[in-house]
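Chemist: Here it is, the structure in full.
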Amino acid sequence: AAQGQFNAGIDDALGADGWTAEPAENLCGGAISLNLWSKQFDTGSSYSIEVVGDTMVGGVIGTTPCVQLTPPTRSEAVGGCAGLGVDWHPGRTMAEGILLYPDKDYTFENVPQVLLGGTYIGSHCWPKAGTWTIEYQAPAKLYVWAAQGQFNAGVDDALSADGWTAEDAANFGGGALSLNLWSREFPTGSSYSFEVAGNSVVGGVVGTAPCVQL
């Protein structure tokens, strides 16, 4: 729906009824900037909303939902990590409240739904600048998280420049640190490497089976 005078209350109606505001920077129609909302319907055959104003500019797009064909497992998702001058811990199942490092007291908080049940691999302390290599079994979807601020060590810049997607991860944290989350699907291949520019990066990777549309 259009932003501003031609929205006709669409944003308020959808926001109040459980729809999700999607990132849609620069989405527009003609000279009008547009907002985008989504909601999954597992049952039913129709949906209605009340439009409170005249001259509404909007529309709807329907897609089939994506599902995971198989649950993520350590052998199918992410197999291990190497590099940055440290050893890496074995894979663990990602869940709310697990430790970032088995030998530290920092725990994950507000873990995004897309990570739950995936395979998490983190490093020993403390990684140095260098090449971070992630081993996986395709097809897989990888999620890399990294601390915001001084312990990001250029991870955000490296992943953004190489086609990774910044995920909505509001309030995702580890200990006292706020975390950013990036994702990318790998339909083929077995490893991925990128350069970490700074020392003492706080980050890790979670692997899941990719979603497919039925």
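The way I read the labels, and the way they are meant: chains A, B, ... in the order of the structure tokens, residue 1 as the first residue of every chain, and ligand 1 as the first ligand shown, with later ones counted on from there.
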Give the strand (DSSP E or B) residues of chain A, as assigned by DSSP on the backbone, as a PyMOL selection string.
Modeler: chain A and resi 2+20-21+28-29+32-34+37-38+66-68+78-83+88+92-93+99+107-109+119-123+130-136+140-147+165-166+173-174+177-186+191-196+203-208+211-213
Chemist: For range 170-178 of chain A, please output as a list of chain:residue names all residues within 6 Å (counting only C-alpha atoms; exclusion window: fewer than 2 positions along the same chain).
Modeler: A:Tyr106, A:Thr107, A:Phe108, A:Glu109, A:Asn110, A:Val111, A:Ala147, A:Gln148
Chemist: Do a neighbour search on Gly9 in chain A at 12 Å with only C-alpha atoms, toss out local chain neighbours closer than 5 positions, and write the hits as a ChimeraX atom specification.
Modeler: /A:1-4,14-16,35,49-58
Chemist: Just C-alpha atoms for this one: save the residues we selected as a PDB file, in the first residue's frame.
Modeler:
ATOM      1  CA  ALA A   1       0.000   0.000   0.000  1.00  0.00           C
ATOM      2  CA  ALA A   2       1.115   3.543  -0.674  1.00  0.00           C
ATOM      3  CA  GLN A   3       2.725   5.582   2.044  1.00  0.00           C
ATOM      4  CA  GLY A   4       1.077   8.819   3.135  1.00  0.00           C
ATOM      5  CA  LEU A  14      -2.729  -4.909   8.952  1.00  0.00           C
ATOM      6  CA  GLY A  15      -0.436  -4.012  11.854  1.00  0.00           C
ATOM      7  CA  ALA A  16      -3.321  -4.504  14.290  1.00  0.00           C
ATOM      8  CA  ASN A  35       4.924  -0.263   2.228  1.00  0.00           C
ATOM      9  CA  ILE A  49      -9.834  -5.901   5.959  1.00  0.00           C
ATOM     10  CA  GLU A  50     -11.518  -2.546   6.460  1.00  0.00           C
ATOM     11  CA  VAL A  51     -10.195   0.366   4.414  1.00  0.00           C
ATOM     12  CA  VAL A  52     -11.060   3.608   6.200  1.00  0.00           C
ATOM     13  CA  GLY A  53     -10.154   6.221   3.583  1.00  0.00           C
ATOM     14  CA  ASP A  54     -10.899   6.987  -0.025  1.00  0.00           C
ATOM     15  CA  THR A  55      -8.427   6.765  -2.917  1.00  0.00           C
ATOM     16  CA  MET A  56      -6.406   3.825  -1.620  1.00  0.00           C
ATOM     17  CA  VAL A  57      -3.396   2.778  -3.718  1.00  0.00           C
ATOM     18  CA  GLY A  58      -2.511  -0.859  -2.996  1.00  0.00           C
TER      19      GLY A  58
END
Chemist: Given only C-alpha atoms as the basis, pick out the residue of A:Ala153, A:Ile121, A:Leu36, A:Leu159 nearest to Ile61 in chain A.
Modeler: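 The answer is A:Leu36, which sits nearest to Ile61 in chain A.
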Chemist: Counting only C-alpha atoms, which residue out of A:Gly198, A:Pro139, A:Pro127, A:Gly122 sits closest to Ala77 in chain A?
Modeler: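 Comparing A:Gly198, A:Pro139, A:Pro127, A:Gly122 against Ala77 in chain A, the winner is A:Pro139.
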Chemist: Determine, counting only C-alpha atoms, which protein, DNA and RNA residues have an atom within 12 Å of an atom of Leu115 in chain A; residues of the same chain fewer than 6 positions away are not included. Present the result as number ranges by chain.
Modeler: A: 72, 77, 92-96, 108-109, 141-145, 167-169, 172, 181-183, 204-210
Chemist: Choose the residue, out of A:Cys81, A:Ser193, A:Ser38, A:Trp126, that has the smallest atom-to-atom separation from Gly62 in chain A; count only C-alpha atoms.
Modeler: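 Checking each candidate against Gly62 in chain A, we get A:Ser38 as the closest.
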Chemist: Measuring between only C-alpha atoms, which one of A:Ala82, A:Leu116, A:Ile10, A:Ile32 shows the shortest distance to Val60 in chain A?
Modeler: A:Ile10
Chemist: Measuring atom to atom with only C-alpha atoms, identify which of A:Gly29, A:Asp12, A:Gly18, A:Gly59 is nearest to Phe41 in chain A.
Modeler: A:Gly18
Chemist: Using only C-alpha atoms, find the one residue out of A:Gln137, A:Thr119, A:Asn199, A:Thr188 that sits nearest to Gly154 in chain A.
Modeler: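 Going through A:Gln137, A:Thr119, A:Asn199, A:Thr188 one by one, the smallest distance to Gly154 in chain A is for A:Asn199.
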Chemist: State, in Å with one decimal place, the distance from CA of Ser123 in chain A to CA of Ala140 in chain A.
Modeler: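 Going from CA of Ser123 in chain A over to CA of Ala140 in chain A, I get 20.5 Å.
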